[in-house]
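File shown: start13.cif. Contents: mmCIF, N, CA and C atoms.
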data_final
#
loop_
_atom_site.group_PDB
_atom_site.id
_atom_site.type_symbol
_atom_site.label_atom_id
_atom_site.label_comp_id
_atom_site.auth_asym_id
_atom_site.auth_seq_id
_atom_site.Cartn_x
_atom_site.Cartn_y
_atom_site.Cartn_z
ATOM 1 N N MET A 1 72.993 -111.997 15.131
ATOM 2 C CA MET A 1 72.654 -113.316 14.667
ATOM 3 C C MET A 1 71.325 -113.253 13.910
ATOM 4 N N ALA A 2 71.289 -113.859 12.761
ATOM 5 C CA ALA A 2 70.076 -113.868 11.942
ATOM 6 C C ALA A 2 69.034 -114.812 12.546
ATOM 7 N N LEU A 3 67.779 -114.409 12.448
ATOM 8 C CA LEU A 3 66.707 -115.272 12.946
ATOM 9 C C LEU A 3 66.480 -116.460 12.030
ATOM 10 N N PHE A 4 66.662 -116.257 10.759
ATOM 11 C CA PHE A 4 66.425 -117.313 9.791
ATOM 12 C C PHE A 4 67.690 -117.549 8.990
ATOM 13 N N LYS A 5 68.078 -118.792 8.893
ATOM 14 C CA LYS A 5 69.249 -119.119 8.085
ATOM 15 C C LYS A 5 68.790 -119.380 6.663
ATOM 16 N N LYS A 6 69.474 -118.807 5.716
ATOM 17 C CA LYS A 6 69.154 -119.050 4.318
ATOM 18 C C LYS A 6 69.738 -120.397 3.927
ATOM 19 N N ARG A 7 68.875 -121.274 3.457
ATOM 20 C CA ARG A 7 69.303 -122.607 3.075
ATOM 21 C C ARG A 7 69.770 -122.563 1.622
ATOM 22 N N THR A 8 71.034 -122.738 1.408
ATOM 23 C CA THR A 8 71.564 -122.619 0.051
ATOM 24 C C THR A 8 71.649 -123.952 -0.660
ATOM 25 N N VAL A 9 71.741 -125.032 0.086
ATOM 26 C CA VAL A 9 71.884 -126.349 -0.532
ATOM 27 C C VAL A 9 70.746 -127.224 -0.048
ATOM 28 N N GLY A 10 70.078 -127.888 -0.972
ATOM 29 C CA GLY A 10 68.996 -128.781 -0.614
ATOM 30 C C GLY A 10 69.510 -130.147 -0.227
ATOM 31 N N LYS A 11 68.630 -130.940 0.282
ATOM 32 C CA LYS A 11 68.979 -132.306 0.638
ATOM 33 C C LYS A 11 68.993 -133.154 -0.626
ATOM 34 N N PRO A 12 69.944 -134.053 -0.740
ATOM 35 C CA PRO A 12 69.908 -134.974 -1.883
ATOM 36 C C PRO A 12 68.589 -135.757 -1.856
ATOM 37 N N GLY A 13 67.993 -135.894 -3.009
ATOM 38 C CA GLY A 13 66.731 -136.611 -3.098
ATOM 39 C C GLY A 13 65.503 -135.729 -3.010
ATOM 40 N N GLU A 14 65.671 -134.441 -2.732
ATOM 41 C CA GLU A 14 64.551 -133.507 -2.771
ATOM 42 C C GLU A 14 64.521 -132.888 -4.160
ATOM 43 N N TRP A 15 63.408 -133.025 -4.836
ATOM 44 C CA TRP A 15 63.281 -132.521 -6.206
ATOM 45 C C TRP A 15 62.242 -131.417 -6.249
ATOM 46 N N TYR A 16 62.515 -130.411 -7.036
ATOM 47 C CA TYR A 16 61.633 -129.249 -7.177
ATOM 48 C C TYR A 16 61.458 -128.926 -8.657
ATOM 49 N N TYR A 17 60.345 -128.266 -8.973
ATOM 50 C CA TYR A 17 60.147 -127.747 -10.317
ATOM 51 C C TYR A 17 60.191 -126.233 -10.216
ATOM 52 N N CYS A 18 61.152 -125.604 -10.910
ATOM 53 C CA CYS A 18 61.305 -124.160 -10.879
ATOM 54 C C CYS A 18 60.386 -123.530 -11.918
ATOM 55 N N LEU A 19 59.475 -122.685 -11.453
ATOM 56 C CA LEU A 19 58.532 -122.012 -12.343
ATOM 57 C C LEU A 19 59.209 -120.917 -13.157
ATOM 58 N N GLU A 20 60.252 -120.334 -12.628
ATOM 59 C CA GLU A 20 60.974 -119.265 -13.312
ATOM 60 C C GLU A 20 61.783 -119.803 -14.494
ATOM 61 N N HIS A 21 62.521 -120.878 -14.236
ATOM 62 C CA HIS A 21 63.403 -121.438 -15.269
ATOM 63 C C HIS A 21 62.789 -122.613 -16.023
ATOM 64 N N LYS A 22 61.614 -123.068 -15.556
ATOM 65 C CA LYS A 22 60.888 -124.189 -16.176
ATOM 66 C C LYS A 22 61.778 -125.413 -16.295
ATOM 67 N N LYS A 23 62.371 -125.772 -15.135
ATOM 68 C CA LYS A 23 63.238 -126.949 -15.111
ATOM 69 C C LYS A 23 63.182 -127.603 -13.744
ATOM 70 N N VAL A 24 63.589 -128.862 -13.718
ATOM 71 C CA VAL A 24 63.652 -129.639 -12.489
ATOM 72 C C VAL A 24 64.997 -129.388 -11.822
ATOM 73 N N GLU A 25 64.967 -129.249 -10.491
ATOM 74 C CA GLU A 25 66.182 -129.004 -9.722
ATOM 75 C C GLU A 25 66.243 -129.985 -8.563
ATOM 76 N N GLU A 26 67.430 -130.497 -8.281
ATOM 77 C CA GLU A 26 67.600 -131.300 -7.081
ATOM 78 C C GLU A 26 68.023 -130.364 -5.967
ATOM 79 N N GLY A 27 67.216 -130.316 -4.935
ATOM 80 C CA GLY A 27 67.452 -129.346 -3.876
ATOM 81 C C GLY A 27 66.925 -127.994 -4.312
ATOM 82 N N PRO A 28 66.514 -127.153 -3.375
ATOM 83 C CA PRO A 28 65.974 -125.850 -3.755
ATOM 84 C C PRO A 28 67.075 -124.892 -4.192
ATOM 85 N N GLU A 29 67.142 -124.640 -5.473
ATOM 86 C CA GLU A 29 68.108 -123.674 -5.987
ATOM 87 C C GLU A 29 67.496 -122.288 -6.087
ATOM 88 N N CYS A 30 66.210 -122.216 -6.349
ATOM 89 C CA CYS A 30 65.516 -120.943 -6.538
ATOM 90 C C CYS A 30 64.635 -120.642 -5.324
ATOM 91 N N PRO A 31 64.198 -119.394 -5.158
ATOM 92 C CA PRO A 31 63.346 -119.027 -4.025
ATOM 93 C C PRO A 31 62.038 -119.827 -4.008
ATOM 94 N N ALA A 32 61.500 -120.026 -2.822
ATOM 95 C CA ALA A 32 60.276 -120.812 -2.645
ATOM 96 C C ALA A 32 59.117 -120.272 -3.479
ATOM 97 N N LYS A 33 59.059 -118.958 -3.681
ATOM 98 C CA LYS A 33 57.958 -118.367 -4.441
ATOM 99 C C LYS A 33 57.984 -118.782 -5.909
ATOM 100 N N ASP A 34 59.121 -119.303 -6.369
ATOM 101 C CA ASP A 34 59.290 -119.663 -7.775
ATOM 102 C C ASP A 34 59.340 -121.166 -8.015
ATOM 103 N N ARG A 35 58.889 -121.975 -7.052
ATOM 104 C CA ARG A 35 59.027 -123.420 -7.257
ATOM 105 C C ARG A 35 57.875 -124.206 -6.663
ATOM 106 N N PHE A 36 57.679 -125.398 -7.200
ATOM 107 C CA PHE A 36 56.775 -126.401 -6.643
ATOM 108 C C PHE A 36 57.651 -127.484 -6.040
ATOM 109 N N GLY A 37 57.204 -128.078 -4.939
ATOM 110 C CA GLY A 37 57.936 -129.183 -4.366
ATOM 111 C C GLY A 37 58.042 -129.038 -2.863
ATOM 112 N N PRO A 38 58.707 -129.948 -2.224
ATOM 113 C CA PRO A 38 59.572 -130.977 -2.786
ATOM 114 C C PRO A 38 58.793 -132.203 -3.249
ATOM 115 N N TYR A 39 59.379 -132.895 -4.195
ATOM 116 C CA TYR A 39 58.867 -134.162 -4.697
ATOM 117 C C TYR A 39 59.864 -135.251 -4.343
ATOM 118 N N ALA A 40 59.382 -136.474 -4.216
ATOM 119 C CA ALA A 40 60.236 -137.600 -3.832
ATOM 120 C C ALA A 40 61.144 -138.048 -4.972
ATOM 121 N N THR A 41 60.697 -137.850 -6.220
ATOM 122 C CA THR A 41 61.487 -138.319 -7.359
ATOM 123 C C THR A 41 61.585 -137.226 -8.417
ATOM 124 N N ARG A 42 62.560 -137.379 -9.275
ATOM 125 C CA ARG A 42 62.725 -136.456 -10.394
ATOM 126 C C ARG A 42 61.495 -136.527 -11.316
ATOM 127 N N GLY A 43 60.979 -137.725 -11.533
ATOM 128 C CA GLY A 43 59.805 -137.911 -12.387
ATOM 129 C C GLY A 43 58.586 -137.156 -11.880
ATOM 130 N N GLU A 44 58.372 -137.180 -10.567
ATOM 131 C CA GLU A 44 57.250 -136.435 -9.998
ATOM 132 C C GLU A 44 57.432 -134.939 -10.226
ATOM 133 N N ALA A 45 58.650 -134.456 -10.059
ATOM 134 C CA ALA A 45 58.924 -133.026 -10.273
ATOM 135 C C ALA A 45 58.720 -132.658 -11.741
ATOM 136 N N GLU A 46 59.081 -133.558 -12.657
ATOM 137 C CA GLU A 46 58.895 -133.296 -14.086
ATOM 138 C C GLU A 46 57.423 -133.167 -14.434
ATOM 139 N N GLN A 47 56.549 -133.812 -13.669
ATOM 140 C CA GLN A 47 55.110 -133.772 -13.910
ATOM 141 C C GLN A 47 54.404 -132.690 -13.087
ATOM 142 N N ALA A 48 55.160 -131.801 -12.464
ATOM 143 C CA ALA A 48 54.582 -130.812 -11.550
ATOM 144 C C ALA A 48 53.502 -129.960 -12.197
ATOM 145 N N MET A 49 53.725 -129.490 -13.407
ATOM 146 C CA MET A 49 52.732 -128.619 -14.051
ATOM 147 C C MET A 49 51.461 -129.395 -14.385
ATOM 148 N N GLU A 50 51.595 -130.622 -14.830
ATOM 149 C CA GLU A 50 50.416 -131.449 -15.124
ATOM 150 C C GLU A 50 49.651 -131.749 -13.834
ATOM 151 N N THR A 51 50.379 -132.056 -12.763
ATOM 152 C CA THR A 51 49.740 -132.298 -11.472
ATOM 153 C C THR A 51 48.974 -131.059 -11.017
ATOM 154 N N ALA A 52 49.565 -129.890 -11.185
ATOM 155 C CA ALA A 52 48.894 -128.635 -10.806
ATOM 156 C C ALA A 52 47.640 -128.419 -11.643
ATOM 157 N N ARG A 53 47.723 -128.692 -12.959
ATOM 158 C CA ARG A 53 46.541 -128.539 -13.825
ATOM 159 C C ARG A 53 45.414 -129.464 -13.377
ATOM 160 N N GLU A 54 45.758 -130.716 -13.068
ATOM 161 C CA GLU A 54 44.747 -131.676 -12.628
ATOM 162 C C GLU A 54 44.109 -131.240 -11.313
ATOM 163 N N ARG A 55 44.913 -130.785 -10.370
ATOM 164 C CA ARG A 55 44.384 -130.347 -9.078
ATOM 165 C C ARG A 55 43.526 -129.100 -9.236
ATOM 166 N N ASN A 56 43.928 -128.181 -10.097
ATOM 167 C CA ASN A 56 43.113 -126.985 -10.341
ATOM 168 C C ASN A 56 41.772 -127.354 -10.942
ATOM 169 N N LEU A 57 41.758 -128.277 -11.895
ATOM 170 C CA LEU A 57 40.508 -128.714 -12.509
ATOM 171 C C LEU A 57 39.599 -129.368 -11.481
ATOM 172 N N GLU A 58 40.174 -130.220 -10.627
ATOM 173 C CA GLU A 58 39.378 -130.847 -9.571
ATOM 174 C C GLU A 58 38.761 -129.791 -8.661
ATOM 175 N N TRP A 59 39.553 -128.796 -8.302
ATOM 176 C CA TRP A 59 39.062 -127.744 -7.419
ATOM 177 C C TRP A 59 37.985 -126.919 -8.100
ATOM 178 N N GLU A 60 38.200 -126.560 -9.365
ATOM 179 C CA GLU A 60 37.241 -125.735 -10.088
ATOM 180 C C GLU A 60 35.913 -126.441 -10.316
ATOM 181 N N THR A 61 35.920 -127.760 -10.381
ATOM 182 C CA THR A 61 34.684 -128.508 -10.637
ATOM 183 C C THR A 61 34.126 -129.175 -9.393
ATOM 184 N N ASP A 62 34.714 -128.946 -8.241
ATOM 185 C CA ASP A 62 34.238 -129.537 -6.986
ATOM 186 C C ASP A 62 33.033 -128.743 -6.493
ATOM 187 N N PRO A 63 31.867 -129.378 -6.420
ATOM 188 C CA PRO A 63 30.665 -128.642 -6.005
ATOM 189 C C PRO A 63 30.746 -128.119 -4.571
ATOM 190 N N ARG A 64 31.581 -128.710 -3.736
ATOM 191 C CA ARG A 64 31.714 -128.217 -2.361
ATOM 192 C C ARG A 64 32.424 -126.875 -2.312
ATOM 193 N N TRP A 65 33.213 -126.539 -3.341
ATOM 194 C CA TRP A 65 33.987 -125.305 -3.346
ATOM 195 C C TRP A 65 33.542 -124.337 -4.435
ATOM 196 N N HIS A 66 32.643 -124.747 -5.270
ATOM 197 C CA HIS A 66 32.208 -123.904 -6.383
ATOM 198 C C HIS A 66 31.190 -122.883 -5.893
ATOM 199 N N ASP A 67 31.496 -121.616 -6.074
ATOM 200 C CA ASP A 67 30.623 -120.531 -5.637
ATOM 201 C C ASP A 67 29.690 -120.169 -6.789
ATOM 202 N N LYS A 68 28.487 -120.714 -6.765
ATOM 203 C CA LYS A 68 27.546 -120.504 -7.865
ATOM 204 C C LYS A 68 27.109 -119.047 -7.982
ATOM 205 N N SER A 69 27.039 -118.335 -6.880
ATOM 206 C CA SER A 69 26.600 -116.945 -6.958
ATOM 207 C C SER A 69 27.625 -116.083 -7.703
ATOM 208 N N ALA A 70 28.913 -116.399 -7.575
ATOM 209 C CA ALA A 70 29.944 -115.625 -8.283
ATOM 210 C C ALA A 70 29.902 -115.924 -9.770
ATOM 211 N N THR A 71 29.671 -117.176 -10.167
ATOM 212 C CA THR A 71 29.652 -117.497 -11.584
ATOM 213 C C THR A 71 28.377 -116.987 -12.247
ATOM 214 N N ALA A 72 27.295 -116.886 -11.509
ATOM 215 C CA ALA A 72 26.055 -116.362 -12.084
ATOM 216 C C ALA A 72 26.247 -114.903 -12.488
ATOM 217 N N GLY A 73 27.004 -114.155 -11.700
ATOM 218 C CA GLY A 73 27.296 -112.767 -12.043
ATOM 219 C C GLY A 73 28.196 -112.652 -13.241
ATOM 220 N N ASP A 74 29.081 -113.634 -13.431
ATOM 221 C CA ASP A 74 29.987 -113.618 -14.562
ATOM 222 C C ASP A 74 29.227 -113.772 -15.883
ATOM 223 N N ASP A 75 28.163 -114.561 -15.891
ATOM 224 C CA ASP A 75 27.400 -114.784 -17.118
ATOM 225 C C ASP A 75 26.698 -113.503 -17.554
ATOM 226 N N ASP A 76 26.291 -112.679 -16.591
ATOM 227 C CA ASP A 76 25.604 -111.433 -16.922
ATOM 228 C C ASP A 76 26.531 -110.428 -17.597
ATOM 229 N N ALA A 77 27.810 -110.541 -17.340
ATOM 230 C CA ALA A 77 28.768 -109.574 -17.872
ATOM 231 C C ALA A 77 29.039 -109.779 -19.359
ATOM 232 N N GLU A 78 28.727 -110.956 -19.883
ATOM 233 C CA GLU A 78 29.025 -111.232 -21.306
ATOM 234 C C GLU A 78 28.040 -110.622 -22.240
#

Translate the structure described by the file into structure tokens.
Amino acid sequence: MALFKKRTVGKPGEWYYCLEHKKVEEGPECPAKDRFGPYATRGEAEQAMETARERNLEWETDPRWHDKSATAGDDDAE
């Protein structure tokens, strides 16, 4: 008996953005490593890359998480 069952069909209403195929999928069709989600709506899944860009920018500019000592070394390398 397998410890983990491979889920081949997603639940209706679960939306994912596949990074490999660059498309929205209802239910997980591709492996978890290749997708963002789940999202509640198709529209949210369609905006997955923009949402990721916005979150990355917030993280990169958040002073609580910005490591100034690492960036100071980067300037010396130029």

Report, in Å with one decimal, the straight-line distance from CA of Gln47 in chain A to CA of Arg64 in chain A.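 Distance reported for this atom pair: 26.7 Å.
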
Picked residues, the PyMOL selection byres ((chain A and resi 13) around 7), expected as a list of chain:residue names: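 Matching residues under the PyMOL selection byres ((chain A and resi 13) around 7) are A:Gly10, A:Lys11, A:Pro12, A:Glu14, A:Trp15, A:Glu26, A:Gly27, A:Tyr39, A:Ala40, A:Thr41.
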
Chain and number of each residue from the PyMOL selection byres ((chain A and resi 20) around 8), as a PDB file with N, CA and C atoms, in the coordinates of the input:
ATOM      1  N   TYR A  17      60.345-128.266  -8.973  1.00  0.00           N
ATOM      2  CA  TYR A  17      60.147-127.747 -10.317  1.00  0.00           C
ATOM      3  C   TYR A  17      60.191-126.233 -10.216  1.00  0.00           C
ATOM      4  N   CYS A  18      61.152-125.604 -10.910  1.00  0.00           N
ATOM      5  CA  CYS A  18      61.305-124.160 -10.879  1.00  0.00           C
ATOM      6  C   CYS A  18      60.386-123.530 -11.918  1.00  0.00           C
ATOM      7  N   LEU A  19      59.475-122.685 -11.453  1.00  0.00           N
ATOM      8  CA  LEU A  19      58.532-122.012 -12.343  1.00  0.00           C
ATOM      9  C   LEU A  19      59.209-120.917 -13.157  1.00  0.00           C
ATOM     10  N   HIS A  21      62.521-120.878 -14.236  1.00  0.00           N
ATOM     11  CA  HIS A  21      63.403-121.438 -15.269  1.00  0.00           C
ATOM     12  C   HIS A  21      62.789-122.613 -16.023  1.00  0.00           C
ATOM     13  N   LYS A  22      61.614-123.068 -15.556  1.00  0.00           N
ATOM     14  CA  LYS A  22      60.888-124.189 -16.176  1.00  0.00           C
ATOM     15  C   LYS A  22      61.778-125.413 -16.295  1.00  0.00           C
ATOM     16  N   LYS A  23      62.371-125.772 -15.135  1.00  0.00           N
ATOM     17  CA  LYS A  23      63.238-126.949 -15.111  1.00  0.00           C
ATOM     18  C   LYS A  23      63.182-127.603 -13.744  1.00  0.00           C
ATOM     19  N   LYS A  33      59.059-118.958  -3.681  1.00  0.00           N
ATOM     20  CA  LYS A  33      57.958-118.367  -4.441  1.00  0.00           C
ATOM     21  C   LYS A  33      57.984-118.782  -5.909  1.00  0.00           C
ATOM     22  N   ASP A  34      59.121-119.303  -6.369  1.00  0.00           N
ATOM     23  CA  ASP A  34      59.290-119.663  -7.775  1.00  0.00           C
ATOM     24  C   ASP A  34      59.340-121.166  -8.015  1.00  0.00           C
ATOM     25  N   ARG A  35      58.889-121.975  -7.052  1.00  0.00           N
ATOM     26  CA  ARG A  35      59.027-123.420  -7.257  1.00  0.00           C
ATOM     27  C   ARG A  35      57.875-124.206  -6.663  1.00  0.00           C
ATOM     28  N   PHE A  36      57.679-125.398  -7.200  1.00  0.00           N
ATOM     29  CA  PHE A  36      56.775-126.401  -6.643  1.00  0.00           C
ATOM     30  C   PHE A  36      57.651-127.484  -6.040  1.00  0.00           C
TER      31      PHE A  36
END

How many Å lie between CA of Pro31 in chain A and CA of Glu60 in chain A, rounded to one decimal?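 It comes out at 27.6 Å.
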
Report, in Å with one decimal, the straight-line distance from CA of Met49 in chain A to CA of Gly37 in chain A.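 Interatomic distance, CA of Met49 in chain A to CA of Gly37 in chain A: 11.0 Å.
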
Smallest atom-to-atom distance to Ala45 in chain A: which of A:Pro28, A:Pro63, A:Tyr16, A:Glu58, using only N, CA and C atoms?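 For Ala45 in chain A, the nearest of the candidates is A:Tyr16.
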
Would you save range 23-46 of chain A to a file, keeping N, CA and C atoms, as an mmCIF file, in the first residue's frame?
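The resulting file, part_24.cif, is reproduced below:
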data_model
loop_
_atom_site.group_PDB
_atom_site.id
_atom_site.type_symbol
_atom_site.label_atom_id
_atom_site.label_comp_id
_atom_site.auth_asym_id
_atom_site.auth_seq_id
_atom_site.Cartn_x
_atom_site.Cartn_y
_atom_site.Cartn_z
ATOM 1 N N LYS A 23 -0.259 28.614 -18.171
ATOM 2 C CA LYS A 23 -1.706 28.647 -18.375
ATOM 3 C C LYS A 23 -2.419 28.351 -17.069
ATOM 4 N N VAL A 24 -3.683 28.740 -17.030
ATOM 5 C CA VAL A 24 -4.541 28.497 -15.880
ATOM 6 C C VAL A 24 -5.165 27.117 -16.019
ATOM 7 N N GLU A 25 -5.231 26.394 -14.893
ATOM 8 C CA GLU A 25 -5.805 25.053 -14.881
ATOM 9 C C GLU A 25 -6.820 24.958 -13.753
ATOM 10 N N GLU A 26 -7.932 24.287 -14.010
ATOM 11 C CA GLU A 26 -8.865 24.002 -12.933
ATOM 12 C C GLU A 26 -8.487 22.653 -12.354
ATOM 13 N N GLY A 27 -8.162 22.656 -11.084
ATOM 14 C CA GLY A 27 -7.646 21.443 -10.466
ATOM 15 C C GLY A 27 -6.179 21.293 -10.811
ATOM 16 N N PRO A 28 -5.400 20.649 -9.954
ATOM 17 C CA PRO A 28 -3.973 20.506 -10.237
ATOM 18 C C PRO A 28 -3.718 19.464 -11.318
ATOM 19 N N GLU A 29 -3.357 19.926 -12.487
ATOM 20 C CA GLU A 29 -3.009 19.009 -13.569
ATOM 21 C C GLU A 29 -1.517 18.729 -13.591
ATOM 22 N N CYS A 30 -0.718 19.693 -13.192
ATOM 23 C CA CYS A 30 0.739 19.574 -13.231
ATOM 24 C C CYS A 30 1.287 19.401 -11.813
ATOM 25 N N PRO A 31 2.530 18.942 -11.671
ATOM 26 C CA PRO A 31 3.130 18.755 -10.348
ATOM 27 C C PRO A 31 3.179 20.063 -9.550
ATOM 28 N N ALA A 32 3.132 19.940 -8.239
ATOM 29 C CA ALA A 32 3.124 21.103 -7.348
ATOM 30 C C ALA A 32 4.325 22.016 -7.580
ATOM 31 N N LYS A 33 5.471 21.451 -7.951
ATOM 32 C CA LYS A 33 6.672 22.260 -8.157
ATOM 33 C C LYS A 33 6.532 23.203 -9.349
ATOM 34 N N ASP A 34 5.551 22.942 -10.212
ATOM 35 C CA ASP A 34 5.370 23.726 -11.432
ATOM 36 C C ASP A 34 4.138 24.622 -11.402
ATOM 37 N N ARG A 35 3.573 24.879 -10.218
ATOM 38 C CA ARG A 35 2.336 25.665 -10.212
ATOM 39 C C ARG A 35 2.227 26.571 -9.001
ATOM 40 N N PHE A 36 1.430 27.613 -9.156
ATOM 41 C CA PHE A 36 1.012 28.485 -8.061
ATOM 42 C C PHE A 36 -0.448 28.172 -7.793
ATOM 43 N N GLY A 37 -0.858 28.242 -6.531
ATOM 44 C CA GLY A 37 -2.254 28.052 -6.214
ATOM 45 C C GLY A 37 -2.416 27.149 -5.009
ATOM 46 N N PRO A 38 -3.624 26.866 -4.636
ATOM 47 C CA PRO A 38 -4.861 27.115 -5.365
ATOM 48 C C PRO A 38 -5.380 28.534 -5.163
ATOM 49 N N TYR A 39 -6.130 28.984 -6.138
ATOM 50 C CA TYR A 39 -6.822 30.264 -6.094
ATOM 51 C C TYR A 39 -8.316 29.996 -6.097
ATOM 52 N N ALA A 40 -9.082 30.916 -5.540
ATOM 53 C CA ALA A 40 -10.534 30.750 -5.439
ATOM 54 C C ALA A 40 -11.229 30.947 -6.782
ATOM 55 N N THR A 41 -10.637 31.770 -7.658
ATOM 56 C CA THR A 41 -11.285 32.058 -8.939
ATOM 57 C C THR A 41 -10.280 31.935 -10.077
ATOM 58 N N ARG A 42 -10.810 31.786 -11.264
ATOM 59 C CA ARG A 42 -9.973 31.740 -12.459
ATOM 60 C C ARG A 42 -9.224 33.074 -12.625
ATOM 61 N N GLY A 43 -9.900 34.176 -12.348
ATOM 62 C CA GLY A 43 -9.287 35.501 -12.464
ATOM 63 C C GLY A 43 -8.074 35.667 -11.560
ATOM 64 N N GLU A 44 -8.173 35.166 -10.331
ATOM 65 C CA GLU A 44 -7.030 35.241 -9.422
ATOM 66 C C GLU A 44 -5.862 34.427 -9.964
ATOM 67 N N ALA A 45 -6.152 33.259 -10.506
ATOM 68 C CA ALA A 45 -5.089 32.411 -11.071
ATOM 69 C C ALA A 45 -4.456 33.088 -12.285
ATOM 70 N N GLU A 46 -5.260 33.786 -13.089
ATOM 71 C CA GLU A 46 -4.731 34.489 -14.260
ATOM 72 C C GLU A 46 -3.770 35.592 -13.853
#
